[in-house]
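Colleague: I have a structure here, written as structure tokens, and I will follow up with some questions on it.
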Amino acid sequence: MTKPTASEVLAALRERGLSLATAESCTGGLVGGALTAVPGSSDTYRGGVISYTNEVKHRLLGVPEELLSQYGAVSAQVAEAMALGAASALGADVAVSTTGLAGPGGDEFGNPVGTVYLACALRGAVRSVSCRFSGDREQVRRAAVETALALLLRTVTGEGKEP
């Protein structure tokens with residue numbers, strides 16, 4: 001599969017009249033950065049939340065504390081809640097979220113470095129994917145951005161089930 005560009009994702013959103021929000025943890029704003037590097041992105045991209053801590057995930061995105069304590073921040077359940085929360089908080093039709101472990105260590109739930117969960121919400125319907133990326137911190141983060149863009153494009157265009 002070819003890796004979609006941020007320009008392609010924005011064009012697909014624009015063609016369908018959809019607005020976009022992001023909720024990022026492990027990528028620290030890199031998805032939003034890729035999108036806003038494209039001239040004219042402001043007609044589609046509403047903004048994003050970098051929710052690096054559980055407190056921010058809960059307070060700004062409405063991720064239930066129960067999900068965070070039961071499944072951990074690096075989980076499909078939290079990624080889905082982040083996407084839904086970003087869409088709601090920023091008034092967007094579509095939202096993508098990233099949460100994972102770029103290193104140096106794993107977490108208390110047994111997730112190793114390279115584990116990333118991404119979710120995409122489209123008008124209240126949400127789907128998530130889990131990934132295991134190899135490489136150093138920067139490689140994991142870049143791979144997560146590429147996968148987030150692919151998930152966005154597939155969700156918006158209705159193509160396939162996985163990125």
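By order of appearance in the structure tokens: chains A, B, ..., then residues from 1 within every chain, and ligands from 1 in the order shown.
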If DSSP is run on the backbone, what residues of stretch 45-143 of chain A are strand (DSSP E)? A reply as a list in words would be ideal.
Modeller: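 Output for stretch 45-143 of chain A, strand (DSSP E) only: Tyr45, Arg46, Gly47, Gly48, Val49, Ile50, Val94, Ala95, Val96, Ser97, Thr98, Thr99, Gly100, Thr115, Val116, Tyr117, Leu118, Ala119, Cys120, Ala121, Leu122, Ala125, Val126, Arg127, Ser128, Val129, Ser130, Cys131 and Arg132 of chain A.
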Colleague: Tell me, as a list in words, which residues lie within 7 Å of A:Thr99, counting only C-alpha atoms; anything in the same chain fewer than 5 positions away does not count.
Modeller: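 So, after excluding close chain neighbours, the residues are Glu24, Ser25, Cys26, Ala73, Val74, Ala79, Val116, Tyr117 and Leu118 of chain A.
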Colleague: Those residues with all heavy atoms, as a PDB file, in the first residue's frame please?
Modeller:
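Full text of again38.pdb as output:
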ATOM      1  N   GLU A  24      -3.351  13.651  20.074  1.00  0.00           N
ATOM      2  CA  GLU A  24      -2.075  12.953  19.989  1.00  0.00           C
ATOM      3  C   GLU A  24      -1.419  12.811  21.351  1.00  0.00           C
ATOM      4  O   GLU A  24      -1.423  13.742  22.147  1.00  0.00           O
ATOM      5  CB  GLU A  24      -1.128  13.707  19.063  1.00  0.00           C
ATOM      6  CG  GLU A  24      -1.663  13.867  17.651  1.00  0.00           C
ATOM      7  CD  GLU A  24      -0.672  14.544  16.747  1.00  0.00           C
ATOM      8  OE1 GLU A  24       0.404  13.959  16.512  1.00  0.00           O
ATOM      9  OE2 GLU A  24      -0.966  15.665  16.288  1.00  0.00           O
ATOM     10  N   SER A  25      -0.849  11.639  21.560  1.00  0.00           N
ATOM     11  CA  SER A  25      -0.031  11.412  22.737  1.00  0.00           C
ATOM     12  C   SER A  25       1.396  11.129  22.291  1.00  0.00           C
ATOM     13  O   SER A  25       2.213  12.041  22.232  1.00  0.00           O
ATOM     14  CB  SER A  25      -0.605  10.278  23.581  1.00  0.00           C
ATOM     15  OG  SER A  25       0.114  10.151  24.786  1.00  0.00           O
ATOM     16  N   CYS A  26       1.687   9.917  21.869  1.00  0.00           N
ATOM     17  CA  CYS A  26       3.072   9.544  21.544  1.00  0.00           C
ATOM     18  C   CYS A  26       3.650  10.328  20.365  1.00  0.00           C
ATOM     19  O   CYS A  26       4.862  10.485  20.267  1.00  0.00           O
ATOM     20  CB  CYS A  26       3.183   8.043  21.290  1.00  0.00           C
ATOM     21  SG  CYS A  26       2.270   7.456  19.860  1.00  0.00           S
ATOM     22  N   ALA A  73      -3.187   3.885  29.249  1.00  0.00           N
ATOM     23  CA  ALA A  73      -3.255   4.890  28.192  1.00  0.00           C
ATOM     24  C   ALA A  73      -2.952   4.305  26.822  1.00  0.00           C
ATOM     25  O   ALA A  73      -3.460   4.790  25.809  1.00  0.00           O
ATOM     26  CB  ALA A  73      -2.279   6.030  28.490  1.00  0.00           C
ATOM     27  N   VAL A  74      -2.146   3.257  26.783  1.00  0.00           N
ATOM     28  CA  VAL A  74      -1.777   2.627  25.518  1.00  0.00           C
ATOM     29  C   VAL A  74      -2.700   1.439  25.298  1.00  0.00           C
ATOM     30  O   VAL A  74      -2.397   0.295  25.638  1.00  0.00           O
ATOM     31  CB  VAL A  74      -0.288   2.212  25.523  1.00  0.00           C
ATOM     32  CG1 VAL A  74       0.102   1.585  24.191  1.00  0.00           C
ATOM     33  CG2 VAL A  74       0.590   3.422  25.815  1.00  0.00           C
ATOM     34  N   ALA A  79      -7.544   4.973  22.903  1.00  0.00           N
ATOM     35  CA  ALA A  79      -7.403   5.611  21.588  1.00  0.00           C
ATOM     36  C   ALA A  79      -8.767   5.990  21.026  1.00  0.00           C
ATOM     37  O   ALA A  79      -8.947   7.092  20.501  1.00  0.00           O
ATOM     38  CB  ALA A  79      -6.665   4.681  20.624  1.00  0.00           C
ATOM     39  N   VAL A 116       1.665   0.941  19.440  1.00  0.00           N
ATOM     40  CA  VAL A 116       0.894   2.157  19.186  1.00  0.00           C
ATOM     41  C   VAL A 116      -0.533   1.769  18.835  1.00  0.00           C
ATOM     42  O   VAL A 116      -0.763   0.842  18.065  1.00  0.00           O
ATOM     43  CB  VAL A 116       1.500   2.997  18.030  1.00  0.00           C
ATOM     44  CG1 VAL A 116       0.654   4.227  17.739  1.00  0.00           C
ATOM     45  CG2 VAL A 116       2.933   3.405  18.358  1.00  0.00           C
ATOM     46  N   TYR A 117      -1.472   2.482  19.427  1.00  0.00           N
ATOM     47  CA  TYR A 117      -2.884   2.341  19.077  1.00  0.00           C
ATOM     48  C   TYR A 117      -3.323   3.642  18.433  1.00  0.00           C
ATOM     49  O   TYR A 117      -2.980   4.724  18.899  1.00  0.00           O
ATOM     50  CB  TYR A 117      -3.745   2.067  20.315  1.00  0.00           C
ATOM     51  CG  TYR A 117      -3.548   0.680  20.870  1.00  0.00           C
ATOM     52  CD1 TYR A 117      -2.549   0.419  21.788  1.00  0.00           C
ATOM     53  CD2 TYR A 117      -4.362  -0.364  20.446  1.00  0.00           C
ATOM     54  CE1 TYR A 117      -2.356  -0.861  22.289  1.00  0.00           C
ATOM     55  CE2 TYR A 117      -4.177  -1.647  20.942  1.00  0.00           C
ATOM     56  CZ  TYR A 117      -3.182  -1.885  21.864  1.00  0.00           C
ATOM     57  OH  TYR A 117      -2.987  -3.151  22.355  1.00  0.00           O
ATOM     58  N   LEU A 118      -4.068   3.498  17.339  1.00  0.00           N
ATOM     59  CA  LEU A 118      -4.609   4.650  16.640  1.00  0.00           C
ATOM     60  C   LEU A 118      -6.107   4.437  16.489  1.00  0.00           C
ATOM     61  O   LEU A 118      -6.561   3.295  16.360  1.00  0.00           O
ATOM     62  CB  LEU A 118      -3.979   4.791  15.254  1.00  0.00           C
ATOM     63  CG  LEU A 118      -2.464   4.905  15.251  1.00  0.00           C
ATOM     64  CD1 LEU A 118      -1.842   3.583  14.877  1.00  0.00           C
ATOM     65  CD2 LEU A 118      -2.015   5.975  14.303  1.00  0.00           C
TER      66      LEU A 118
END
Colleague: Please run DSSP on the backbone and report, as a PyMOL selection string, all residues within stretch 67-116 of chain A that come out as alpha helix (DSSP H).
Modeller: chain A and resi 67-71+76-90
Colleague: For atom CA of A:Gly33 and atom CA of A:Pro64, quote the distance in Å rounded to one decimal.
Modeller: 27.1 Å
Colleague: Work out how far atom CA of A:Val156 is from atom CA of A:Arg123, in Å to one decimal.
Modeller: 10.5 Å
